[in-house]
>>> print(open('protein.txt').read())   # compact mmCIF, C-alpha atoms
# COMPACT_ATOMS: atom_id res chain seq x y z
CA MET H 744 9.79 -23.05 44.42
CA GLU H 745 6.71 -22.39 46.54
CA LEU H 746 7.29 -22.40 50.29
CA LYS H 747 4.94 -23.01 53.18
CA GLU H 748 4.18 -20.08 55.47
CA THR H 749 6.58 -21.31 58.18
CA GLU H 750 9.44 -22.18 55.81
CA ARG H 751 12.52 -20.29 54.71
CA ILE H 752 15.45 -20.93 52.36
CA ASP H 753 18.93 -20.67 53.88
CA ASP H 754 22.14 -20.21 51.90
CA LEU H 755 24.72 -22.85 52.93
CA GLU H 756 27.56 -20.70 51.55
CA LEU H 757 29.07 -23.75 49.84
CA ASN H 758 28.98 -24.18 46.06
CA GLY H 759 25.78 -22.16 45.91
CA LEU H 760 23.86 -24.79 47.88
CA LYS H 761 20.66 -23.91 49.72
CA ILE H 762 18.29 -25.67 52.12
CA ILE H 763 14.63 -25.33 53.03
CA GLN H 764 13.98 -25.14 56.77
CA ASP H 765 10.84 -24.91 58.86
CA LYS H 766 11.16 -22.06 61.35
CA SER H 767 8.91 -23.90 63.82
CA GLY H 768 10.72 -27.22 63.44
CA PHE H 769 14.22 -28.57 64.00
CA CYS H 770 16.86 -26.51 62.15
CA PHE H 771 20.35 -27.79 61.44
CA GLY H 772 23.30 -26.66 63.54
CA MET H 773 27.07 -26.71 63.61
CA ASP H 774 27.08 -30.47 64.32
CA SER H 775 25.97 -31.32 60.76
CA VAL H 776 28.57 -28.96 59.28
CA LEU H 777 31.34 -30.50 61.39
CA LEU H 778 30.27 -34.06 60.59
CA SER H 779 30.21 -33.39 56.85
CA ASP H 780 33.77 -32.10 57.05
CA PHE H 781 34.86 -35.04 59.23
CA ALA H 782 33.43 -37.47 56.64
CA LYS H 783 34.78 -35.72 53.53
CA GLU H 784 37.47 -38.42 53.25
CA ILE H 785 34.81 -40.89 51.98
CA LYS H 786 36.13 -42.33 48.74
CA ARG H 787 34.97 -41.45 45.27
CA ASN H 788 32.00 -43.44 43.88
CA SER H 789 30.94 -44.62 47.35
CA ALA H 790 27.37 -45.47 48.24
CA ILE H 791 26.60 -43.39 51.36
CA LEU H 792 23.70 -43.75 53.78
CA ASP H 793 22.64 -40.75 55.88
CA MET H 794 20.67 -42.25 58.79
CA GLY H 795 18.16 -39.79 60.23
CA THR H 796 18.76 -37.17 57.56
CA GLY H 797 16.19 -34.67 58.87
CA THR H 798 16.10 -31.71 56.50
CA GLY H 799 18.75 -33.36 54.31
CA ILE H 800 21.49 -30.97 55.39
CA LEU H 801 24.18 -33.63 55.83
CA SER H 802 23.44 -35.30 52.49
CA ILE H 803 23.49 -31.95 50.68
CA LEU H 804 26.79 -30.87 52.28
CA LEU H 805 28.38 -34.26 51.53
CA SER H 806 27.39 -33.96 47.87
CA ALA H 807 29.78 -30.99 47.70
CA LYS H 808 32.53 -32.50 49.87
CA THR H 809 32.73 -35.95 48.18
CA GLN H 810 33.16 -36.92 44.55
CA ASP H 811 30.71 -38.93 42.43
CA THR H 812 29.03 -40.44 45.48
CA LYS H 813 25.43 -41.67 45.64
CA ILE H 814 23.76 -40.60 48.88
CA THR H 815 20.59 -42.02 50.42
CA GLY H 816 19.01 -40.01 53.23
CA VAL H 817 16.57 -41.85 55.50
CA GLU H 818 14.06 -39.91 57.60
CA ILE H 819 11.13 -41.30 59.62
CA GLN H 820 9.04 -38.11 59.74
CA ARG H 821 7.05 -37.82 56.52
CA GLN H 822 6.74 -34.03 56.47
CA VAL H 823 10.46 -33.59 57.20
CA ALA H 824 11.43 -36.13 54.51
CA GLU H 825 9.27 -34.27 51.99
CA MET H 826 11.00 -31.00 52.89
CA ALA H 827 14.37 -32.72 52.37
CA ARG H 828 13.23 -33.93 48.93
CA ARG H 829 12.32 -30.38 47.96
CA SER H 830 15.74 -29.17 49.08
CA VAL H 831 17.36 -31.84 46.90
CA GLN H 832 15.26 -30.60 43.96
CA LEU H 833 16.08 -26.97 44.77
CA ASN H 834 19.79 -27.81 44.38
CA HIS H 835 19.25 -30.02 41.30
CA LEU H 836 20.84 -32.97 43.10
CA GLU H 837 18.28 -35.64 42.21
CA GLU H 838 20.97 -37.75 40.48
CA ARG H 839 23.20 -37.69 43.59
CA ILE H 840 20.75 -37.78 46.51
CA SER H 841 17.60 -39.80 47.16
CA ILE H 842 15.41 -39.30 50.23
CA VAL H 843 13.59 -42.29 51.75
CA CYS H 844 10.84 -41.96 54.37
CA GLU H 845 11.33 -45.00 56.62
CA ASP H 846 11.98 -46.13 60.17
CA ILE H 847 15.71 -46.91 60.44
CA LYS H 848 14.82 -50.02 62.46
CA LYS H 849 13.07 -51.43 59.37
CA LEU H 850 15.86 -50.90 56.83
CA LYS H 851 16.73 -54.63 56.69
CA LYS H 852 13.49 -55.07 54.73
CA LYS H 853 14.64 -52.51 52.18
CA TYR H 854 18.39 -53.12 51.82
CA GLU H 855 20.60 -56.20 51.80
CA VAL H 856 23.49 -56.69 54.20
CA GLY H 857 26.56 -54.70 53.12
CA SER H 858 24.66 -52.31 50.83
CA PHE H 859 26.69 -49.19 51.69
CA ASP H 860 30.37 -48.18 51.65
CA ALA H 861 29.92 -45.50 54.31
CA ILE H 862 27.29 -44.28 56.76
CA VAL H 863 26.93 -40.86 58.36
CA THR H 864 24.58 -40.10 61.21
CA ASN H 865 23.60 -37.29 63.53
CA PRO H 866 21.24 -39.29 65.79
CA PRO H 867 19.06 -37.90 68.59
CA TYR H 868 21.30 -37.00 71.50
CA LYS H 869 18.97 -37.34 74.47
CA LYS H 870 17.67 -40.49 76.11
CA VAL H 871 13.91 -40.58 76.64
CA GLY H 872 13.05 -38.82 79.88
CA THR H 873 16.22 -36.70 79.99
CA GLY H 874 16.86 -33.10 79.06
CA ARG H 875 14.28 -30.43 78.30
CA ILE H 876 11.15 -31.85 76.67
CA ASN H 877 10.07 -29.71 73.74
CA GLU H 878 6.34 -29.72 72.97
CA ASN H 879 6.94 -29.60 69.20
CA GLU H 880 6.73 -33.22 68.01
CA THR H 881 9.19 -32.71 65.16
CA LYS H 882 11.83 -31.32 67.52
CA LEU H 883 11.05 -33.99 70.11
CA ILE H 884 11.73 -36.85 67.67
CA SER H 885 14.85 -35.11 66.33
CA ARG H 886 16.40 -34.53 69.76
CA HIS H 887 15.22 -37.49 71.86
CA GLU H 888 15.54 -41.25 71.34
CA ILE H 889 11.81 -41.77 70.76
CA ALA H 890 11.69 -43.38 67.31
CA ALA H 891 15.10 -45.11 67.65
CA ASN H 892 17.93 -45.11 70.19
CA LEU H 893 21.70 -45.01 69.75
CA GLU H 894 22.06 -48.79 69.73
CA ASP H 895 19.36 -49.07 67.03
CA PHE H 896 21.39 -46.76 64.78
CA ILE H 897 24.66 -48.62 65.40
CA GLN H 898 23.17 -52.10 65.03
CA MET H 899 21.58 -51.16 61.70
CA ALA H 900 24.80 -49.50 60.53
CA SER H 901 26.72 -52.72 61.19
CA TYR H 902 24.22 -54.67 59.08
CA LEU H 903 24.19 -52.20 56.18
CA LEU H 904 27.93 -51.47 55.97
CA LYS H 905 30.25 -53.44 53.70
CA ASP H 906 33.21 -55.14 55.34
CA GLN H 907 35.80 -52.43 56.14
CA GLY H 908 33.17 -49.76 55.52
CA SER H 909 32.99 -46.90 58.01
CA ILE H 910 30.39 -45.03 60.04
CA TYR H 911 30.85 -41.36 60.97
CA ILE H 912 28.92 -40.15 64.03
CA VAL H 913 28.43 -36.80 65.75
CA HIS H 914 27.13 -36.96 69.31
CA ARG H 915 27.52 -35.58 72.83
CA PRO H 916 30.62 -36.39 74.95
CA GLU H 917 28.44 -37.59 77.84
CA ARG H 918 27.29 -40.47 75.61
CA LEU H 919 30.82 -41.57 74.69
CA ALA H 920 30.74 -44.72 76.82
CA ASP H 921 27.43 -45.75 75.27
CA ILE H 922 28.83 -45.12 71.79
CA MET H 923 31.99 -47.18 72.32
CA ILE H 924 30.17 -50.10 73.96
CA SER H 925 27.59 -50.30 71.17
CA LEU H 926 30.17 -49.95 68.38
CA ARG H 927 32.26 -52.86 69.61
CA LYS H 928 29.16 -54.93 70.36
CA TYR H 929 28.31 -54.78 66.65
CA LYS H 930 31.89 -55.22 65.36
CA LEU H 931 32.41 -51.57 64.45
CA GLU H 932 35.89 -50.71 65.68
CA PRO H 933 36.46 -47.08 66.78
CA LYS H 934 39.30 -45.68 64.67
CA VAL H 935 39.22 -41.86 64.96
CA MET H 936 37.82 -39.51 67.60
CA LYS H 937 37.75 -35.72 67.75
CA PHE H 938 36.39 -33.45 70.49
CA ILE H 939 34.65 -30.15 69.70
CA TYR H 940 34.90 -27.25 72.16
CA PRO H 941 32.89 -23.99 72.12
CA ASN H 942 36.17 -22.22 73.04
CA GLN H 943 39.40 -22.87 74.95
CA GLU H 944 37.84 -22.09 78.34
CA LYS H 945 34.85 -24.44 78.07
CA GLU H 946 34.36 -28.20 78.16
CA PRO H 947 33.69 -30.10 74.91
CA ASN H 948 30.04 -30.22 73.83
CA LEU H 949 30.33 -32.42 70.74
CA ILE H 950 32.33 -35.45 69.69
CA LEU H 951 33.05 -36.92 66.26
CA VAL H 952 33.71 -40.65 65.97
CA LYS H 953 34.69 -42.81 63.01
CA ALA H 954 34.39 -46.60 63.32
CA THR H 955 35.16 -49.28 60.73
CA LYS H 956 33.47 -52.64 60.33
CA ASN H 957 35.69 -55.62 61.25
CA ALA H 958 38.80 -53.43 61.53
CA LYS H 959 41.82 -54.01 63.75
CA THR H 960 42.02 -52.20 67.08
CA PHE H 961 43.73 -48.81 66.97
CA LEU H 962 42.14 -45.52 68.01
CA LYS H 963 43.53 -42.15 67.00
CA VAL H 964 42.43 -39.08 68.97
CA GLU H 965 42.83 -36.09 66.68
CA LYS H 966 43.48 -32.48 67.64
CA PRO H 967 40.30 -30.84 68.97
CA ILE H 968 38.34 -28.14 67.19
CA TYR H 969 37.55 -24.87 68.96
CA ILE H 970 34.52 -23.13 67.43
CA TYR H 971 35.15 -19.62 68.76
CA ASP H 972 38.17 -17.72 69.99
CA LEU H 973 37.99 -15.84 73.29
CA GLN H 974 36.72 -12.72 71.47
CA GLY H 975 33.69 -14.65 70.18
CA ASN H 976 34.86 -14.93 66.56
CA TYR H 977 35.00 -18.15 64.55
CA THR H 978 38.46 -19.73 64.71
CA LYS H 979 40.59 -20.18 61.61
CA GLU H 980 39.82 -23.92 61.46
CA VAL H 981 36.06 -23.31 61.52
CA LEU H 982 36.35 -20.65 58.82
CA GLU H 983 38.26 -23.17 56.71
CA ILE H 984 35.44 -25.70 57.16
CA TYR H 985 33.08 -23.02 55.83
CA ASN H 986 35.58 -22.34 52.99
CA LYS H 987 36.10 -18.76 54.18
>>> encode(input="protein.txt", output="structure tokens")
Amino acid sequence: MELKETERIDDLELNGLKIIQDKSGFCFGMDSVLLSDFAKEIKRNSAILDMGTGTGILSILLSAKTQDTKITGVEIQRQVAEMARRSVQLNHLEERISIVCEDIKKLKKKYEVGSFDAIVTNPPYKKVGTGRINENETKLISRHEIAANLEDFIQMASYLLKDQGSIYIVHRPERLADIMISLRKYKLEPKVMKFIYPNQEKEPNLILVKATKNAKTFLKVEKPIYIYDLQGNYTKEVLEIYNK
């Protein structure tokens, strides 16, 4: 497969899967890997929507972690969506994964209510006007709520999920109140939460949340994940996520 000058192919070290990334654009991080593992419980034969798929990393990882699922990745940036499509082709996953270039706020025009069994999303973390502003437009849209904000993602997820279907989110702990308020506003009941820590001496920098449409109230806070031990090595639980 021919690559652009700024592109590279990375080995995902899972079932021989690979991904195309633009060195000047937004590259995937640990958050996508953690979310794919968090969502691996999604049932066989489910229709999954990956909202804001970016390079397609989450969809590609979920194809290996779930069985016989059909995954639709939605990405607003045309050049990024095209790169995701090429990654799907590179892995011969065309029958499992489809990439759609669309604004997530316009998905009601494309899909009927209750079209998906499960939704996964790694939305932009930063509110507009907060954090460091990156001059690269691709990174800016990926990291900041420019094209769509957190409530837009959650509102659309509520519309597109089947009754008792679940959404799996990775986000920053400082946005936890916003997440919980929006989830309940749109009848998505928080069911499972897990904090991610860089190591045992630092504060959490990521949070994983599962919420279920029209579910009863009960929230389980699972044991946290520590990425590194105090010597700077991956912990056993992270190595297991990477199947090492």
>>> closest_residue(input="protein.txt", among="H:Gly857, H:Pro867, H:Gly975, H:Pro916", to="H:Gln943", atoms="only C-alpha atoms")
H:Gly975
>>> atom_distance(input="protein.txt", atom1="atom CA of H:Gly768", atom2="atom CA of H:Glu750")
9.2 Å
>>> atom_distance(input="protein.txt", atom1="atom CA of H:Leu757", atom2="atom CA of H:Asp793")
19.2 Å
>>> closest_residue(input="protein.txt", among="H:Tyr985, H:Glu917, H:Lys786, H:Val863", to="H:Asn758", atoms="all atoms listed in the file")
H:Tyr985
>>> closest_residue(input="protein.txt", among="H:Leu804, H:Gln832, H:Met826, H:Leu949", to="H:Lys747", atoms="only C-alpha atoms")
H:Met826
>>> closest_residue(input="protein.txt", among="H:Lys966, H:Arg829, H:Lys849, H:Lys808", to="H:Glu745", atoms="only C-alpha atoms")
H:Arg829
